[in-house]
Every structure is written in structure tokens, then in C-alpha cells.
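*Asks:* Got a file for you: data_16.txt, compact mmCIF, C-alpha atoms.
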```
# COMPACT_ATOMS: atom_id res chain seq x y z
CA MET W 18 165.90 91.51 186.88
CA ASN W 19 168.70 91.54 184.33
CA ARG W 20 167.60 88.12 183.20
CA SER W 21 164.05 89.48 182.51
CA ILE W 22 165.50 92.28 180.40
CA CYS W 23 167.62 89.79 178.42
CA VAL W 24 164.62 87.53 177.78
CA ALA W 25 162.49 90.50 176.69
CA ALA W 26 165.25 91.72 174.36
CA ALA W 27 165.65 88.24 172.86
CA LEU W 28 161.90 87.97 172.25
CA LEU W 29 161.87 91.40 170.62
CA ILE W 30 164.74 90.43 168.33
CA LEU W 31 163.06 87.14 167.40
CA ALA W 32 159.66 88.74 166.81
CA THR W 33 160.94 91.55 164.59
CA PRO W 34 161.60 89.36 161.52
CA LEU W 35 158.21 87.70 161.94
CA SER W 36 156.49 91.08 162.02
CA ALA W 37 158.48 92.27 159.01
CA ASN W 38 157.56 89.07 157.11
CA ALA W 39 153.87 89.53 157.96
CA ASP W 40 154.05 93.13 156.72
CA ALA W 41 155.73 91.96 153.50
CA VAL W 42 153.00 89.35 152.93
CA LYS W 43 150.31 92.02 153.51
CA ALA W 44 152.06 94.38 151.08
CA ASP W 45 152.30 91.60 148.45
CA ALA W 46 148.60 90.74 148.82
CA THR W 47 147.61 94.40 148.58
CA SER W 48 149.79 95.05 145.54
CA ALA W 49 148.20 92.04 143.78
CA VAL W 50 144.75 93.64 143.98
CA LYS W 51 143.89 95.40 140.72
CA VAL W 52 141.13 97.99 140.46
CA SER W 53 139.91 98.93 136.97
CA PRO W 54 137.49 101.86 137.06
CA LEU W 55 134.58 101.34 134.64
CA LEU W 56 132.71 104.63 134.82
CA THR W 57 132.53 107.73 136.97
CA THR W 58 129.46 109.85 136.32
CA THR W 59 126.71 111.84 137.97
CA VAL W 60 124.28 111.53 135.04
CA THR W 61 122.38 108.87 133.07
CA THR W 62 122.95 108.12 129.38
CA SER W 63 120.46 110.87 128.53
CA GLY W 64 122.08 113.44 130.83
CA GLN W 65 119.66 113.23 133.77
CA PRO W 66 121.15 113.51 137.28
CA ILE W 67 121.35 110.12 139.02
CA VAL W 68 118.59 110.04 141.65
CA LEU W 69 117.95 107.23 144.11
CA PRO W 70 114.63 106.40 145.76
CA GLN W 71 114.19 107.98 149.19
CA GLY W 72 113.53 105.83 152.25
CA ASN W 73 113.79 102.06 152.06
CA VAL W 74 115.29 100.71 148.85
CA GLN W 75 115.02 97.26 147.33
CA LEU W 76 118.10 96.12 145.40
CA ILE W 77 117.40 93.72 142.53
CA THR W 78 120.22 92.15 140.51
CA SER W 79 119.61 90.08 137.38
CA ILE W 80 121.42 88.59 134.43
CA TYR W 81 119.66 89.32 131.13
CA GLU W 82 120.41 87.22 128.03
CA VAL W 83 119.25 88.75 124.74
CA PRO W 84 119.60 86.48 121.66
CA PRO W 85 121.16 87.80 118.43
CA GLY W 86 118.71 89.96 116.51
CA ALA W 87 116.26 90.27 119.43
CA LYS W 88 114.61 93.63 120.06
CA LEU W 89 113.29 94.67 123.46
CA PRO W 90 109.98 96.55 123.40
CA GLU W 91 109.79 100.25 124.16
CA HIS W 92 109.87 100.76 127.90
CA GLU W 93 110.94 103.07 130.72
CA HIS W 94 112.24 102.79 134.27
CA ASN W 95 110.86 104.83 137.16
CA SER W 96 113.89 104.20 139.35
CA GLN W 97 117.60 104.03 138.73
CA ARG W 98 118.90 101.07 136.70
CA TYR W 99 122.48 100.14 135.92
CA GLY W 100 123.79 97.60 133.43
CA TYR W 101 127.18 96.01 132.84
CA VAL W 102 127.72 94.35 129.46
CA LEU W 103 129.31 90.92 129.92
CA SER W 104 129.11 89.86 126.26
CA GLY W 105 127.61 90.87 122.92
CA ARG W 106 126.73 94.25 121.42
CA LEU W 107 123.68 96.25 122.49
CA ARG W 108 122.09 99.36 120.99
CA ILE W 109 119.82 101.45 123.21
CA THR W 110 117.72 104.12 121.50
CA ASN W 111 115.99 106.83 123.51
CA THR W 112 112.75 107.19 121.51
CA GLU W 113 112.05 110.60 123.06
CA THR W 114 115.34 112.19 122.00
CA GLY W 115 116.24 109.89 119.09
CA LYS W 116 119.73 109.39 120.53
CA SER W 117 121.23 105.89 120.14
CA ASP W 118 124.19 104.47 122.04
CA GLU W 119 126.02 101.21 121.40
CA PHE W 120 127.55 99.17 124.19
CA LYS W 121 130.08 96.32 124.12
CA PRO W 122 131.60 93.99 126.73
CA GLY W 123 133.08 95.94 129.63
CA ASP W 124 130.77 98.95 129.18
CA PHE W 125 128.73 100.19 132.13
CA ILE W 126 125.30 101.70 131.43
CA VAL W 127 123.40 104.18 133.62
CA GLU W 128 119.92 104.00 132.07
CA SER W 129 117.56 106.94 131.77
CA ARG W 130 114.58 107.22 134.11
CA GLY W 131 111.07 108.11 132.98
CA GLN W 132 112.10 108.29 129.31
CA TRP W 133 110.91 105.80 126.70
CA HIS W 134 113.64 103.75 125.09
CA LYS W 135 114.19 100.43 123.36
CA ALA W 136 117.14 98.09 122.95
CA GLU W 137 118.35 95.53 120.46
CA ASN W 138 121.11 93.00 120.12
CA ILE W 139 123.12 94.20 117.11
CA GLY W 140 125.76 91.46 117.20
CA ALA W 141 126.12 87.82 116.22
CA GLU W 142 126.30 86.51 119.79
CA PRO W 143 123.89 86.78 122.73
CA VAL W 144 124.05 89.95 124.81
CA LYS W 145 124.61 89.10 128.44
CA LEU W 146 123.94 91.94 130.89
CA LEU W 147 124.33 92.21 134.63
CA VAL W 148 121.44 94.51 135.61
CA ILE W 149 121.14 96.30 138.96
CA ASP W 150 117.90 98.06 139.92
CA GLN W 151 117.34 100.25 142.97
CA VAL W 152 113.60 100.63 143.51
CA LYS W 153 111.09 101.36 146.23
CA PRO W 154 110.12 97.99 147.76
CA GLY W 155 107.56 96.28 145.51
CA GLU W 156 107.97 98.74 142.61
CA LYS W 157 108.23 97.31 139.09
CA THR W 158 111.66 97.71 137.50
CA THR W 159 110.30 98.23 133.96
CA VAL W 160 107.14 99.77 132.50
CA LEU W 161 106.23 98.71 128.94
CA ARG W 162 104.80 101.36 126.64
CA GLN W 163 101.20 100.66 125.69
CA THR W 164 100.54 100.87 121.97
CA ASN W 165 97.13 101.15 120.32
CA ALA W 166 97.36 97.49 119.30
CA SER W 167 98.24 96.29 122.80
CA ALA W 168 96.10 98.76 124.79
CA GLY W 169 93.02 96.52 124.46
CA ARG W 170 94.88 93.35 125.51
CA ASN W 171 95.63 92.35 129.11
```
Show me, as C-alpha cells, the structure contained in the file I just sent.

*Replies:*
Amino acid sequence: MNRSICVAAALLILATPLSANADAVKADATSAVKVSPLLTTTVTTSGQPIVLPQGNVQLITSIYEVPPGAKLPEHEHNSQRYGYVLSGRLRITNTETGKSDEFKPGDFIVESRGQWHKAENIGAEPVKLLVIDQVKPGEKTTVLRQTNASAGRN
């Protein structure tokens, strides 16, 4: 029996440095992880509360590339849309309120819902946006505003 106790003690002594090394490796890996908060908010760019569709939700992610000088037509979103600016400079103008916001690389955008707005690339390089939509399955992500000139065309 004494021999069993000695063997168990020896194994415990040998295993302790291994466990300590494993913990040190875990601590090093964890300390190497860097989290950079981008935005914490409960409202859209126009001050609306963030509201998600009820029931089943379809997640759509896209990369948008907007050439220098390009202007996006007036439009709205019925469900919540988020954007992260990867490159370029973007101006979004809420045509209902007249408020304009400019966004640059690293900015996170929580777009308004059900409010008409337009966007334009105001820089010399393409705007590259990561866009995330949360919609009811099958719902369009964007609704274009019909103008008198385009109302007769389909």
C-alpha cells in the first residue's frame, strides 16, 4: 500500500508542472485576444429604437462597393439594417429630417427603418461596406422611392 501512495504522489508531482504550463498557455492565448468595441446603442442613426422582426428571421450579409462620386437612390428599409465601413467615406442623408451623417472606415451604422434616405460616396476611393440585414424570410431589404418620372416605368 505504501508503494501505491508513493506512485500516486510522484504522479501528482510530475503532473503539477504540466497543468501549470497548460494554464499559462491558456492565459497567454486569452491575453492575446483583443476586443475593440465599435458601437453600443439602442437606437438607429435617426433616434428610433432598434426593433427586430418577430418570429423567424432571415439574416442576409453583403459587401457593397460604391464607386467614387456614386449616389444611391432614395430608399428605405422596413427591417433593421447594419453597416460597417471597411473603406471610403459615405454620407447618408435622411430626406425626411434633413439630417446628414458622414461615415469613415471603422464606423458602424445602424440605419433608420421606414424613413426615406439616400447615400453617396464623398471620397476619392470606393466605399466598401459590410451590410447585415435582419428581415422576415423573403422580405426585401430595400424599398426604392417611386418618383413621378419612374412611377410609370416597371

*Asks:* Around all the atoms of stretch 76-91 of chain W listed in the file, with 6 Å of room on each side, what axis-aligned box do you get, giving centre and edge lengths in Å to one decimal, as AutoDock Vina command-line options?

*Replies:*
```
--center_x 115.6 --center_y 93.4 --center_z 131.0 --size_x 23.6 --size_y 25.8 --size_z 40.9
```

*Asks:* Using all atoms listed in the file for the distances, tell me which of W:Asn138, W:Thr164, W:Thr47, W:Thr61 is nearest to W:Arg98.

*Replies:*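 Of all the options, W:Thr61 lies closest to W:Arg98.
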
*Asks:* Work out how far apart atom CA of W:Val83 and atom CA of W:Pro54 are and give it in Å to one decimal.

*Replies:*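 Result for atom CA of W:Val83 versus atom CA of W:Pro54: 25.6 Å, one decimal.
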
*Asks:* Set the distance at 10 Å and use all atoms listed in the file: which residues neighbour W:Val127 once local chain neighbours fewer than 4 positions away are removed? I'd like the list as an mmCIF file with C-alpha atoms, in the coordinates of the input.

*Replies:*
```cif
data_model
loop_
_atom_site.group_PDB
_atom_site.id
_atom_site.type_symbol
_atom_site.label_atom_id
_atom_site.label_comp_id
_atom_site.auth_asym_id
_atom_site.auth_seq_id
_atom_site.Cartn_x
_atom_site.Cartn_y
_atom_site.Cartn_z
ATOM 1 C CA LEU W 56 132.710 104.630 134.820
ATOM 2 C CA THR W 58 129.460 109.850 136.320
ATOM 3 C CA THR W 59 126.710 111.840 137.970
ATOM 4 C CA VAL W 60 124.280 111.530 135.040
ATOM 5 C CA THR W 61 122.380 108.870 133.070
ATOM 6 C CA THR W 62 122.950 108.120 129.380
ATOM 7 C CA SER W 63 120.460 110.870 128.530
ATOM 8 C CA GLY W 64 122.080 113.440 130.830
ATOM 9 C CA GLN W 65 119.660 113.230 133.770
ATOM 10 C CA ILE W 67 121.350 110.120 139.020
ATOM 11 C CA GLN W 97 117.600 104.030 138.730
ATOM 12 C CA ARG W 98 118.900 101.070 136.700
ATOM 13 C CA TYR W 99 122.480 100.140 135.920
ATOM 14 C CA GLY W 100 123.790 97.600 133.430
ATOM 15 C CA TYR W 101 127.180 96.010 132.840
ATOM 16 C CA ILE W 149 121.140 96.300 138.960
#
```

*Asks:* Find the distance between atom CA of W:Gly140 and atom CA of W:Asn111 and write it in Å to one decimal.

*Replies:*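 We find that atom CA of W:Gly140 and atom CA of W:Asn111 lie 19.3 Å from each other.
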
*Asks:* Just checking: using all atoms listed in the file, which residue out of W:Val148, W:Ile126, W:Ala141, W:Ala136 ends up closest to W:Ile109?

*Replies:*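 For W:Ile109, the nearest of the candidates is W:Ala136.
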
*Asks:* Could you state the separation of atom CA of W:Gln132 and atom CA of W:Glu91 in Å, given to one decimal place?

*Replies:*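 These atoms are spaced 9.8 Å apart.
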
*Asks:* When distances are computed from only C-alpha atoms, which of W:Glu142, W:Glu137, W:Val52, W:Gly123 shows the smallest separation from W:Leu89?

*Replies:* W:Glu137

*Asks:* Which residue, W:Ser104, W:Thr158, W:Ser129, W:Gln151, has the smallest gap to W:Leu69 when you use all atoms listed in the file?

*Replies:*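 Distance minimum relative to W:Leu69 lands on W:Gln151.
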